[in-house]
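Dropping final.cif in here (mmCIF, C-alpha atoms):
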```
data_model
loop_
_atom_site.label_atom_id
_atom_site.label_comp_id
_atom_site.auth_asym_id
_atom_site.auth_seq_id
_atom_site.Cartn_x
_atom_site.Cartn_y
_atom_site.Cartn_z
CA MET A 493 -18.77 -9.07 17.06
CA SER A 494 -15.91 -11.13 15.64
CA GLU A 495 -16.38 -12.86 12.32
CA SER A 496 -16.12 -16.63 12.05
CA PHE A 497 -13.18 -18.35 10.37
CA GLU A 498 -15.33 -18.94 7.28
CA GLN A 499 -16.39 -15.27 7.09
CA MET A 500 -12.84 -14.02 7.51
CA TRP A 501 -11.52 -16.49 4.95
CA SER A 502 -14.12 -15.53 2.40
CA ALA A 503 -13.44 -11.80 2.81
CA LEU A 504 -9.65 -12.11 2.59
CA ALA A 505 -9.76 -14.59 -0.32
CA ALA A 506 -11.63 -12.03 -2.42
CA ILE A 507 -8.76 -9.53 -2.25
CA GLY A 508 -6.42 -9.58 -5.24
CA LYS A 509 -7.75 -12.78 -6.82
CA ASP A 510 -7.15 -13.05 -10.57
CA PRO A 511 -10.52 -13.86 -12.18
CA GLU A 512 -8.85 -15.80 -15.00
CA THR A 513 -6.28 -17.94 -13.18
CA GLY A 514 -7.74 -17.93 -9.68
CA GLY A 515 -4.30 -17.05 -8.35
CA TYR A 516 -2.93 -14.18 -6.29
CA SER A 517 -0.07 -11.74 -6.92
CA ARG A 518 0.19 -9.86 -3.66
CA GLY A 519 3.76 -8.60 -3.85
CA GLY A 520 4.96 -6.38 -1.03
CA TRP A 521 3.50 -2.86 -1.06
CA THR A 522 1.32 -3.51 -4.09
CA PRO A 523 -2.36 -2.45 -3.99
CA ALA A 524 -3.63 -6.00 -3.35
CA GLU A 525 -1.13 -6.59 -0.54
CA ARG A 526 -1.92 -3.21 1.01
CA GLU A 527 -5.65 -3.96 0.88
CA SER A 528 -5.01 -7.28 2.61
CA THR A 529 -3.00 -5.50 5.29
CA ALA A 530 -5.80 -2.97 5.80
CA TRP A 531 -8.23 -5.88 6.19
CA PHE A 532 -5.99 -7.38 8.87
CA ALA A 533 -5.72 -4.09 10.73
CA ASP A 534 -9.51 -3.71 10.67
CA GLN A 535 -9.98 -7.23 12.07
CA CYS A 536 -7.58 -6.45 14.90
CA THR A 537 -9.24 -3.12 15.69
CA THR A 538 -12.69 -4.76 15.71
CA ARG A 539 -11.43 -7.19 18.36
CA GLY A 540 -9.96 -4.42 20.49
CA LEU A 541 -6.42 -5.72 20.03
CA GLU A 542 -3.50 -3.34 20.48
CA LEU A 543 -1.98 -3.05 16.98
CA GLU A 544 1.72 -2.23 16.71
CA SER A 545 3.81 -1.67 13.59
CA ASP A 546 7.54 -1.41 13.08
CA GLY A 547 9.40 0.78 10.58
CA LEU A 548 9.04 -1.68 7.70
CA GLY A 549 5.36 -2.41 8.27
CA ASN A 550 5.45 -5.72 10.14
CA LEU A 551 2.37 -5.86 12.35
CA VAL A 552 1.59 -7.51 15.70
CA ALA A 553 -1.80 -7.12 17.41
CA TRP A 554 -1.73 -7.88 21.14
CA TRP A 555 -4.30 -9.49 23.41
CA ALA A 556 -2.84 -8.83 26.85
CA PRO A 557 -4.01 -9.53 30.39
CA ALA A 558 -5.00 -6.44 32.35
CA SER A 559 -1.94 -6.80 34.56
CA ALA A 560 0.52 -6.82 31.66
CA SER A 561 2.89 -3.91 31.13
CA ALA A 562 3.10 -2.17 27.77
CA SER A 563 6.39 -3.92 26.98
CA GLU A 564 5.76 -7.37 28.46
CA ARG A 565 6.95 -10.26 26.32
CA GLY A 566 4.45 -12.78 25.03
CA VAL A 567 3.65 -15.60 22.63
CA VAL A 568 3.22 -14.49 19.01
CA THR A 569 1.47 -16.40 16.25
CA GLY A 570 0.61 -15.51 12.66
CA SER A 571 2.23 -15.56 9.22
CA HIS A 572 2.17 -13.34 6.11
CA LEU A 573 -0.34 -11.92 3.60
CA ASP A 574 1.85 -11.51 0.51
CA SER A 575 2.08 -14.18 -2.18
CA VAL A 576 4.27 -15.49 -4.97
CA LEU A 577 3.31 -14.50 -8.51
CA ASP A 578 -0.01 -16.16 -9.31
CA GLY A 579 0.13 -18.08 -6.05
CA GLY A 580 -2.45 -19.87 -3.94
CA ALA A 581 -4.84 -18.58 -1.32
CA PHE A 582 -3.50 -20.52 1.67
CA ASP A 583 0.26 -19.92 1.80
CA GLY A 584 0.54 -17.30 4.53
CA PRO A 585 -3.06 -16.09 4.91
CA LEU A 586 -4.17 -19.39 6.50
CA GLY A 587 -1.80 -18.71 9.41
CA VAL A 588 -3.09 -15.14 9.85
CA VAL A 589 -6.79 -16.02 9.73
CA SER A 590 -6.26 -19.07 11.96
CA ALA A 591 -4.45 -16.91 14.53
CA LEU A 592 -7.37 -14.48 14.73
CA ALA A 593 -9.83 -17.39 14.94
CA ALA A 594 -7.77 -19.09 17.68
CA VAL A 595 -7.84 -15.91 19.78
CA ASP A 596 -11.61 -15.75 19.26
CA ARG A 597 -11.88 -19.39 20.36
CA LEU A 598 -9.95 -18.74 23.57
CA ARG A 599 -11.86 -15.60 24.40
CA LYS A 600 -15.19 -17.32 23.86
CA ALA A 601 -14.09 -20.07 26.25
CA GLY A 602 -13.29 -17.45 28.89
CA PHE A 603 -9.58 -18.16 28.90
CA GLN A 604 -7.32 -15.48 30.37
CA PRO A 605 -3.68 -15.67 29.25
CA SER A 606 -0.98 -15.07 31.84
CA VAL A 607 1.16 -13.27 29.24
CA PRO A 608 0.22 -11.36 26.08
CA ILE A 609 -0.71 -13.22 22.90
CA GLY A 610 0.23 -11.48 19.66
CA VAL A 611 -1.26 -12.01 16.20
CA ALA A 612 1.27 -11.13 13.51
CA ALA A 613 1.40 -10.34 9.79
CA PHE A 614 4.94 -10.01 8.42
CA VAL A 615 5.69 -8.26 5.13
CA GLU A 616 7.20 -9.65 1.90
CA GLU A 617 7.80 -13.19 3.19
CA GLU A 618 7.80 -14.65 -0.31
CA GLY A 619 10.22 -12.10 -1.73
CA SER A 620 8.21 -12.10 -4.95
CA ARG A 621 8.62 -8.36 -5.50
CA PHE A 622 12.10 -7.54 -4.17
CA GLY A 623 13.76 -10.93 -4.53
CA MET A 624 14.60 -11.39 -0.83
CA PRO A 625 12.63 -14.14 0.93
CA CYS A 626 11.44 -13.39 4.46
CA LEU A 627 12.37 -9.76 3.94
CA GLY A 628 10.23 -8.46 6.80
CA SER A 629 11.44 -10.93 9.40
CA ARG A 630 15.09 -10.69 8.26
CA VAL A 631 15.07 -6.92 8.78
CA ALA A 632 13.15 -7.30 12.04
CA VAL A 633 15.79 -9.52 13.66
CA GLY A 634 18.71 -7.58 12.17
CA ALA A 635 19.78 -10.38 9.81
CA LEU A 636 19.43 -8.00 6.84
CA ASP A 637 20.95 -4.54 7.08
CA ALA A 638 18.45 -1.72 6.57
CA ALA A 639 20.57 0.02 3.92
CA LYS A 640 20.85 -3.18 1.88
CA ALA A 641 17.14 -3.82 2.22
CA LEU A 642 16.19 -0.31 1.11
CA ALA A 643 18.43 -0.61 -1.95
CA LEU A 644 16.69 -3.77 -3.21
CA GLU A 645 14.85 -3.23 -6.51
CA ASP A 646 11.86 -4.94 -8.09
CA ARG A 647 11.71 -6.02 -11.74
CA SER A 648 10.69 -2.53 -12.81
CA GLY A 649 13.67 -0.94 -11.08
CA VAL A 650 11.63 0.48 -8.18
CA SER A 651 13.61 0.37 -4.95
CA LEU A 652 12.20 -0.72 -1.62
CA ARG A 653 12.90 2.79 -0.39
CA ALA A 654 10.72 4.25 -3.14
CA ALA A 655 7.98 1.69 -2.55
CA LEU A 656 7.86 2.58 1.14
CA GLU A 657 7.74 6.29 0.39
CA SER A 658 4.90 5.72 -2.09
CA SER A 659 2.92 3.88 0.58
CA GLY A 660 3.44 6.66 3.11
CA THR A 661 6.12 4.86 5.17
CA ASP A 662 9.23 6.71 6.35
CA PRO A 663 12.30 4.67 5.20
CA SER A 664 14.45 6.19 7.95
CA ARG A 665 12.56 4.06 10.50
CA VAL A 666 13.53 0.76 8.86
CA GLY A 667 15.76 -1.43 11.01
CA PRO A 668 15.71 -4.05 13.78
CA SER A 669 12.20 -4.21 15.15
CA PRO A 670 11.00 -3.48 18.70
CA LEU A 671 8.28 -6.06 18.00
CA VAL A 672 10.93 -8.79 18.23
CA ASP A 673 11.85 -7.63 21.74
CA ARG A 674 8.35 -8.59 22.89
CA MET A 675 8.41 -12.09 21.35
CA SER A 676 9.14 -14.75 23.96
CA THR A 677 7.92 -17.53 21.63
CA PHE A 678 6.74 -17.70 18.03
CA VAL A 679 4.33 -20.32 16.66
CA GLU A 680 3.47 -20.23 12.96
CA LEU A 681 0.59 -22.21 11.48
CA HIS A 682 0.96 -22.93 7.76
CA VAL A 683 -0.62 -25.04 5.08
CA GLU A 684 1.68 -27.99 4.41
CA GLN A 685 3.56 -27.61 1.13
CA GLY A 686 3.74 -31.30 0.42
CA ARG A 687 1.80 -34.50 1.09
CA GLY A 688 3.37 -35.71 4.33
CA LEU A 689 0.17 -35.34 6.36
CA VAL A 690 -1.86 -37.02 3.63
CA GLU A 691 0.42 -40.05 3.89
CA ASP A 692 0.20 -39.93 7.71
CA GLY A 693 -3.60 -39.64 7.61
CA ALA A 694 -3.55 -36.58 9.89
CA ALA A 695 -5.11 -33.13 9.60
CA VAL A 696 -2.43 -31.36 11.64
CA GLY A 697 1.29 -31.91 12.21
CA VAL A 698 4.31 -30.26 13.83
CA ALA A 699 7.49 -29.23 11.99
CA SER A 700 10.81 -30.78 12.93
CA SER A 701 13.06 -28.68 10.70
CA ILE A 702 13.35 -26.45 7.63
CA TRP A 703 15.75 -27.55 4.92
CA PRO A 704 18.63 -25.19 4.11
CA HIS A 705 17.95 -23.28 0.92
CA GLY A 706 19.24 -20.48 -1.24
CA ARG A 707 18.64 -18.31 -4.29
CA PHE A 708 21.54 -18.08 -6.72
CA ARG A 709 21.82 -15.81 -9.76
CA PHE A 710 23.53 -17.40 -12.78
CA THR A 711 24.61 -14.87 -15.42
CA PHE A 712 25.54 -16.45 -18.76
CA THR A 713 27.20 -14.13 -21.32
CA GLY A 714 27.89 -14.80 -24.97
CA GLU A 715 27.75 -13.07 -28.34
CA ALA A 716 24.60 -11.68 -29.95
CA ASN A 717 24.23 -12.59 -33.60
CA HIS A 718 21.74 -13.28 -36.37
CA ALA A 719 19.57 -16.38 -35.90
CA GLY A 720 19.40 -17.08 -39.62
CA THR A 721 22.89 -16.39 -40.92
CA THR A 722 25.17 -17.53 -38.11
CA LEU A 723 26.43 -21.09 -38.53
CA MET A 724 25.73 -23.35 -35.57
CA SER A 725 29.46 -23.99 -35.28
CA ASP A 726 30.21 -20.25 -35.09
CA ARG A 727 27.83 -19.44 -32.25
CA HIS A 728 28.63 -18.40 -28.67
CA ASP A 729 25.09 -18.89 -27.37
CA PRO A 730 24.49 -18.33 -23.63
CA MET A 731 21.00 -19.79 -23.95
CA LEU A 732 22.54 -23.14 -24.83
CA THR A 733 24.82 -22.95 -21.79
CA TYR A 734 21.85 -22.09 -19.60
CA ALA A 735 19.75 -24.93 -21.02
CA MET A 736 22.43 -27.50 -20.31
CA THR A 737 22.88 -26.06 -16.81
CA ALA A 738 19.16 -26.42 -16.11
CA LEU A 739 19.31 -30.06 -17.18
CA ALA A 740 22.40 -30.59 -15.02
CA ALA A 741 20.62 -29.04 -12.01
CA ASN A 742 17.70 -31.40 -12.47
CA LYS A 743 19.99 -34.45 -12.61
CA GLN A 744 22.17 -33.42 -9.67
CA ALA A 745 19.16 -32.68 -7.45
CA ARG A 746 17.63 -36.08 -8.22
CA LEU A 747 20.91 -37.84 -7.42
CA ALA A 748 21.25 -35.95 -4.11
CA GLY A 749 17.63 -36.26 -2.98
CA ALA A 750 17.52 -32.47 -3.07
CA ARG A 751 15.60 -29.78 -4.99
CA ALA A 752 16.84 -27.51 -7.78
CA THR A 753 14.62 -25.16 -9.77
CA PHE A 754 15.32 -22.53 -12.38
CA GLY A 755 12.02 -20.65 -12.24
CA ARG A 756 12.95 -17.15 -13.42
CA LEU A 757 14.76 -16.07 -16.57
CA SER A 758 15.86 -12.79 -18.16
CA VAL A 759 17.17 -12.74 -21.75
CA GLU A 760 18.94 -9.98 -23.69
CA PRO A 761 18.10 -8.75 -26.27
CA ASN A 762 15.14 -11.15 -26.06
CA GLY A 763 14.45 -11.23 -29.79
CA THR A 764 12.98 -14.20 -31.66
CA ASN A 765 15.45 -13.90 -34.52
CA ALA A 766 18.56 -13.09 -32.48
CA ILE A 767 21.07 -15.20 -30.59
CA PRO A 768 21.11 -13.81 -27.03
CA SER A 769 24.04 -11.85 -25.67
CA GLN A 770 23.09 -12.61 -22.06
CA VAL A 771 20.86 -14.94 -20.09
CA VAL A 772 20.28 -14.41 -16.39
CA ALA A 773 18.66 -17.31 -14.55
CA TRP A 774 17.77 -17.67 -10.89
CA LEU A 775 18.30 -21.04 -9.21
CA ASP A 776 16.31 -22.03 -6.13
CA ALA A 777 18.23 -24.86 -4.43
CA ARG A 778 17.27 -26.83 -1.32
CA ALA A 779 18.65 -29.91 0.42
CA PRO A 780 18.23 -31.94 3.62
CA ASP A 781 21.37 -30.47 5.21
CA ASP A 782 23.89 -27.69 4.68
CA ALA A 783 26.64 -29.94 3.32
CA LYS A 784 24.34 -31.41 0.68
CA LEU A 785 23.17 -27.95 -0.37
CA GLN A 786 26.77 -26.78 -0.80
CA SER A 787 27.68 -29.94 -2.68
CA LEU A 788 24.65 -29.53 -4.97
CA LEU A 789 25.55 -25.93 -5.81
CA GLN A 790 29.17 -26.86 -6.48
CA ALA A 791 28.15 -29.68 -8.84
CA ILE A 792 25.76 -27.45 -10.80
CA THR A 793 28.29 -24.61 -10.99
CA ARG A 794 31.07 -26.94 -12.13
CA GLN A 795 28.95 -28.32 -14.95
CA ALA A 796 27.85 -24.81 -15.96
CA ILE A 797 31.48 -23.69 -16.24
CA GLU A 798 32.50 -26.79 -18.19
CA ARG A 799 29.63 -26.24 -20.61
CA ALA A 800 30.47 -22.54 -20.97
CA GLU A 801 34.02 -23.43 -21.97
CA ARG A 802 32.70 -25.66 -24.75
CA ASP A 803 30.19 -23.03 -25.92
CA GLY A 804 32.63 -20.12 -25.88
CA THR A 805 30.51 -18.34 -23.28
CA ALA A 806 31.07 -17.30 -19.66
CA VAL A 807 29.12 -17.83 -16.43
CA GLU A 808 29.07 -15.99 -13.12
CA VAL A 809 27.26 -17.25 -10.01
CA VAL A 810 26.15 -14.93 -7.18
CA ALA A 811 24.35 -16.02 -4.02
CA GLU A 812 21.45 -13.61 -3.44
CA SER A 813 20.25 -15.29 -0.25
CA VAL A 814 21.23 -18.42 1.67
CA SER A 815 19.46 -19.81 4.73
CA PRO A 816 21.07 -22.61 6.78
CA ILE A 817 19.14 -25.55 8.15
CA VAL A 818 16.69 -24.78 10.96
CA ASP A 819 16.17 -27.47 13.58
CA PHE A 820 13.27 -26.32 15.72
CA GLN A 821 13.88 -26.43 19.47
CA PRO A 822 13.18 -30.05 20.50
CA GLY A 823 11.69 -29.12 23.87
CA LEU A 824 9.10 -26.77 22.40
CA ARG A 825 8.44 -29.07 19.44
CA ASP A 826 7.85 -32.07 21.71
CA ARG A 827 5.62 -30.00 23.98
CA LEU A 828 3.37 -29.17 21.04
CA VAL A 829 3.28 -32.79 19.92
CA ASP A 830 2.34 -33.89 23.43
CA VAL A 831 -0.38 -31.29 24.01
CA LEU A 832 -1.91 -32.15 20.63
CA GLY A 833 -2.04 -35.85 21.43
CA GLY A 834 0.89 -37.17 19.44
CA VAL A 835 0.46 -35.61 15.99
CA PRO A 836 3.01 -36.38 13.23
CA VAL A 837 6.36 -34.60 13.13
CA LEU A 838 7.79 -33.79 9.70
CA PRO A 839 10.43 -31.61 8.02
CA THR A 840 9.74 -29.09 5.27
CA GLY A 841 11.66 -27.89 2.26
CA ALA A 842 9.82 -24.55 2.26
CA GLY A 843 11.22 -21.41 3.89
CA HIS A 844 9.23 -19.50 6.51
CA ASP A 845 9.45 -16.50 8.82
CA ALA A 846 9.53 -19.09 11.61
CA GLY A 847 12.96 -20.15 10.38
CA ILE A 848 14.30 -16.59 10.62
CA PHE A 849 13.04 -16.14 14.18
CA SER A 850 14.37 -19.53 15.23
CA ALA A 851 17.81 -18.71 13.80
CA ALA A 852 17.71 -15.45 15.78
CA GLY A 853 17.36 -17.41 19.03
CA ILE A 854 13.63 -17.02 19.60
CA PRO A 855 11.96 -20.31 20.71
CA THR A 856 9.91 -21.18 17.62
CA ALA A 857 7.59 -23.92 16.42
CA MET A 858 5.38 -24.60 13.41
CA LEU A 859 2.05 -26.31 12.88
CA PHE A 860 1.09 -27.68 9.46
CA VAL A 861 -2.43 -28.19 8.10
CA ARG A 862 -3.01 -30.99 5.62
CA ASN A 863 -2.89 -30.16 1.91
CA PRO A 864 -4.81 -32.88 -0.01
CA THR A 865 -2.77 -32.61 -3.22
CA GLY A 866 0.48 -31.20 -1.87
CA VAL A 867 0.36 -28.47 -4.54
CA SER A 868 1.57 -25.05 -3.39
CA HIS A 869 2.71 -21.73 -4.91
CA SER A 870 -0.09 -22.29 -7.42
CA PRO A 871 -3.79 -21.42 -7.73
CA ALA A 872 -4.44 -25.15 -7.15
CA GLU A 873 -3.15 -24.89 -3.55
CA ASN A 874 -5.86 -26.10 -1.18
CA ALA A 875 -6.89 -27.24 2.28
CA GLU A 876 -10.29 -28.62 3.29
CA LEU A 877 -12.43 -26.51 5.62
CA ASP A 878 -12.65 -29.25 8.26
CA ASP A 879 -8.85 -29.51 8.34
CA CYS A 880 -8.51 -25.73 8.60
CA LEU A 881 -10.89 -25.71 11.56
CA GLN A 882 -8.89 -28.50 13.18
CA GLY A 883 -5.86 -26.31 12.65
CA VAL A 884 -7.58 -23.46 14.49
CA GLU A 885 -8.40 -25.77 17.39
CA ALA A 886 -4.83 -27.07 17.49
CA LEU A 887 -3.40 -23.55 17.49
CA ALA A 888 -5.82 -22.47 20.25
CA THR A 889 -4.79 -25.50 22.31
CA VAL A 890 -1.11 -24.66 21.87
CA LEU A 891 -1.59 -20.99 22.74
CA GLU A 892 -3.57 -21.92 25.84
CA ASP A 893 -0.84 -24.32 26.95
CA LEU A 894 1.96 -21.79 26.37
CA THR A 895 0.19 -18.91 28.15
CA ARG A 896 -1.69 -20.68 30.93
#
```

Could you show the structure in this file as structure tokens?
Amino acid sequence: MSESFEQMWSALAAIGKDPETGGYSRGGWTPAERESTAWFADQCTTRGLELESDGLGNLVAWWAPASASASERGVVTGSHLDSVLDGGAFDGPLGVVSALAAVDRLRKAGFQPSVPIGVAAFVEEEGSRFGMPCLGSRVAVGALDAAKALALEDRSGVSLRAALESSGTDPSRVGPSPLVDRMSTFVELHVEQGRGLVEDGAAVGVASSIWPHGRFRFTFTGEANHAGTTLMSDRHDPMLTYAMTALAANKQARLAGARATFGRLSVEPNGTNAIPSQVVAWLDARAPDDAKLQSLLQAITRQAIERAERDGTAVEVVAESVSPIVDFQPGLRDRLVDVLGGVPVLPTGAGHDAGIFSAAGIPTAMLFVRNPTGVSHSPAENAELDDCLQGVEALATVLEDLTR
């Protein structure tokens, strides 16, 4: 017998939760993420769904009509189970649990889909371990070369290849996924990462677009020296150059109506009484359109270089990942809005697997569930149970309409 949404949510939310912060750190192929994946596989098996995996570990469990062939294309829904460092419970898992619950809802009602419905869990969407957002979906659609993916390293220097081998996965199978060949449409339900639905007074909404965004590595180099004996005028301090760059990023993003965040930092030699020789900082930049994102990065880079010249330091900027704007297919988007009775339509500044599949040419749409505070990527991330259940109903309605 299938578990209810509440039972599934309670079981999954217990996996990998930090008892002190209440947050989750389910990086790809870590014990907590693997336990979550095993939970998902068990839920699919219990329901008699046909579970398929690709070479990287992306999973799709199929509910197919008796007449369907083994390779027939269908509508896929789901999300991811990994998290950012000390992240919230809802980002990703809400879409997976809601997908299972929506299938249960349709089955209980006696609905028979005309094409298969797939429930998916994609790996390393957040990129919190290997630094590449939407890693699983990028590899699946061929947007990220397998060799480059396998060479990625985590903060401890462990490569993706080694992580796969440690988890019992053969790295030679990594590459474009046969699962994608069976996806005629993808619909991802996600907790809203903002307060748009709160302002609209709605529990559920439909995404119009995903802002373009990128991760950029700024490497500031200078001269290590003694913190107590080196005159301020004699210093070549990369930390100072970084600090002024962070302030410049904040100002430029505010002026452009964009987003700029330096959220990760590495310092060498990282001593309290030593001027650093190197500071590496990662910038997450997002904007309403591609031109504004490029303009924002250019402004921040220009000010970093100008500051470095004054400080006697140097700066290098490398783009680690860049995703262009995603405008979801208007026909599919409007169909969802119509079948759900005219729910709000809103853009998002957050990246998602849905954006990767849309860019690959797969008809894609997103549903958002209201987040009362708008807080995300934090243990304070939340959604009310009644809104989550309305999300399940909305997803079931959409799946029924797309597979009738």

- prompt: Quick one: residues within 8 Å of A:Asn863, all atoms listed in the file counted, chain neighbours fewer than 3 positions away excluded, as a ChimeraX atom specification?
  reply: /A:683-687,689-690,866-867,873-876

What lies within 9 Å of stretch 664-678 of chain A using only C-alpha atoms, ignoring chain neighbours under 3 positions off, as a PDB file with C-alpha atoms, in the frame of the given file?
```pdb
ATOM      1  CA  GLU A 544       1.720  -2.230  16.710  1.00  0.00           C
ATOM      2  CA  SER A 545       3.810  -1.670  13.590  1.00  0.00           C
ATOM      3  CA  ASP A 546       7.540  -1.410  13.080  1.00  0.00           C
ATOM      4  CA  GLY A 547       9.400   0.780  10.580  1.00  0.00           C
ATOM      5  CA  LEU A 548       9.040  -1.680   7.700  1.00  0.00           C
ATOM      6  CA  GLY A 549       5.360  -2.410   8.270  1.00  0.00           C
ATOM      7  CA  ASN A 550       5.450  -5.720  10.140  1.00  0.00           C
ATOM      8  CA  LEU A 551       2.370  -5.860  12.350  1.00  0.00           C
ATOM      9  CA  VAL A 552       1.590  -7.510  15.700  1.00  0.00           C
ATOM     10  CA  SER A 563       6.390  -3.920  26.980  1.00  0.00           C
ATOM     11  CA  GLU A 564       5.760  -7.370  28.460  1.00  0.00           C
ATOM     12  CA  ARG A 565       6.950 -10.260  26.320  1.00  0.00           C
ATOM     13  CA  GLY A 566       4.450 -12.780  25.030  1.00  0.00           C
ATOM     14  CA  VAL A 567       3.650 -15.600  22.630  1.00  0.00           C
ATOM     15  CA  VAL A 568       3.220 -14.490  19.010  1.00  0.00           C
ATOM     16  CA  THR A 569       1.470 -16.400  16.250  1.00  0.00           C
ATOM     17  CA  GLY A 570       0.610 -15.510  12.660  1.00  0.00           C
ATOM     18  CA  GLY A 610       0.230 -11.480  19.660  1.00  0.00           C
ATOM     19  CA  SER A 629      11.440 -10.930   9.400  1.00  0.00           C
ATOM     20  CA  ARG A 630      15.090 -10.690   8.260  1.00  0.00           C
ATOM     21  CA  VAL A 631      15.070  -6.920   8.780  1.00  0.00           C
ATOM     22  CA  ALA A 632      13.150  -7.300  12.040  1.00  0.00           C
ATOM     23  CA  VAL A 633      15.790  -9.520  13.660  1.00  0.00           C
ATOM     24  CA  GLY A 634      18.710  -7.580  12.170  1.00  0.00           C
ATOM     25  CA  ALA A 635      19.780 -10.380   9.810  1.00  0.00           C
ATOM     26  CA  LEU A 636      19.430  -8.000   6.840  1.00  0.00           C
ATOM     27  CA  ASP A 637      20.950  -4.540   7.080  1.00  0.00           C
ATOM     28  CA  ALA A 638      18.450  -1.720   6.570  1.00  0.00           C
ATOM     29  CA  ALA A 639      20.570   0.020   3.920  1.00  0.00           C
ATOM     30  CA  ALA A 641      17.140  -3.820   2.220  1.00  0.00           C
ATOM     31  CA  LEU A 642      16.190  -0.310   1.110  1.00  0.00           C
ATOM     32  CA  THR A 661       6.120   4.860   5.170  1.00  0.00           C
ATOM     33  CA  ALA A 846       9.530 -19.090  11.610  1.00  0.00           C
ATOM     34  CA  PHE A 849      13.040 -16.140  14.180  1.00  0.00           C
ATOM     35  CA  SER A 850      14.370 -19.530  15.230  1.00  0.00           C
ATOM     36  CA  ILE A 854      13.630 -17.020  19.600  1.00  0.00           C
ATOM     37  CA  PRO A 855      11.960 -20.310  20.710  1.00  0.00           C
ATOM     38  CA  THR A 856       9.910 -21.180  17.620  1.00  0.00           C
ATOM     39  CA  ALA A 857       7.590 -23.920  16.420  1.00  0.00           C
ATOM     40  CA  MET A 858       5.380 -24.600  13.410  1.00  0.00           C
ATOM     41  CA  LEU A 894       1.960 -21.790  26.370  1.00  0.00           C
TER      42      LEU A 894
END
```

- prompt: Which is closer to A:Thr711 than all the others in A:Ala694, A:Leu891, A:Ala806, A:Ala750, using all atoms listed in the file?
  reply: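 The shortest atom-to-atom distance to A:Thr711 comes from A:Ala806.
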
Using the file's own x, y and z axes, what box holds all listed atoms of stretch 610-617 of chain A with 8 Å on each side, keeping edges along x, y and z, and what are its centre and edge lengths in Å to one decimal, as AutoDock Vina command-line options?
```
--center_x 3.3 --center_y -10.7 --center_z 10.8 --size_x 25.1 --size_y 20.9 --size_z 33.8
```

Distance of atom CA of A:Arg709 from atom CA of A:Val576, expressed in Å to one decimal place: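 Between atom CA of A:Val576 and atom CA of A:Arg709 the gap is 18.2 Å.
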
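Taken over the shown file, the PyMOL selection byres ((chain A and resi 832) around 12) identifies Ala694, Ala695, Val696, Gly697, Val698, Arg825, Asp826, Arg827, Leu828, Val829, Asp830, Val831, Gly833, Gly834, Val835, Pro836, Val837, Leu859, Gln882, Gly883, Glu885, Ala886, Leu887, Ala888, Thr889, Val890, Leu891, Glu892 and Asp893 of chain A.
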
task: Skip A:Leu785 itself and residues of its chain fewer than 3 positions away, then list as number ranges by chain all residues within 10 Å of it, counting only C-alpha atoms.
output: A: 703-706, 745, 748, 750-752, 777-782, 788-791, 814, 816-817

task: Please measure the separation of atom CA of A:Arg599 and atom CA of A:Phe532, giving the value in Å to one decimal.
output: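 If I compute the distance from atom CA of A:Arg599 to atom CA of A:Phe532, I get 18.5 Å.
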
message: Could you list, as a count of residues only, every residue matched by the PyMOL selection byres ((chain A and resi 802) around 12) in this structure?
response: 22

query: Hey, can you check how far atom CA of A:Ser769 sits from atom CA of A:Leu577?
result: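 These two atoms are separated by 27.0 Å.
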
- prompt: Can you list, as number ranges by chain, the residues that the PyMOL selection byres ((chain A and resi 586) around 12) selects here?
  reply: A: 497-498, 500-502, 504-505, 569-575, 580-585, 587-594, 613, 680-684, 859-863, 873-877, 879-881, 883-884, 887

Please build the interface table for stretch 597-646 of chain A against stretch 525-530 of chain A with a cut-off of 10 Å, listing for each qualifying residue the nearest atom pair and the distance in Å to one decimal; count only C-alpha atoms, order rows by chain and increasing number, and write it as a Markdown table.
```
| residue | atom | partner | partner_atom | distance |
| --- | --- | --- | --- | --- |
| A:Ala613 | CA | A:Thr529 | CA | 7.9 |
| A:Phe614 | CA | A:Thr529 | CA | 9.7 |
| A:Val615 | CA | A:Glu525 | CA | 9.0 |
| A:Glu616 | CA | A:Glu525 | CA | 9.2 |
```

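Surrounding stretch 538-541 of chain A within 6 Å are Gln535, Ala553, Trp554 and Trp555 of chain A, with only C-alpha atoms counted and residues fewer than 3 positions along the same chain left out.
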
- prompt: Leaving out A:Thr722 and any residue of its chain fewer than 5 positions from it, which residues lie within 10 Å of it when counting only C-alpha atoms, given as number ranges by chain?
  reply: A: 717, 727, 766-767

- request: Find the residue from A:Glu812, A:Asp596, A:Asp776, A:Asp692 that sits nearest to A:Ala738; use all atoms listed in the file when measuring.
  value: A:Asp776

query: Of the residues A:Gly853, A:Pro511, A:Pro523, A:Pro822, which is the one nearest to A:Ala655, using all atoms listed in the file?
result: A:Pro523

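Closest approach to A:Ala716 among A:Glu657, A:Glu760, A:Glu495, A:Glu808: A:Glu760, based on only C-alpha atoms.
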
task: Find, counting all atoms listed in the file, the residue in A:Pro761, A:Gly514, A:Pro768, A:Gly520 that gets nearest to A:Tyr734.
output: A:Pro768
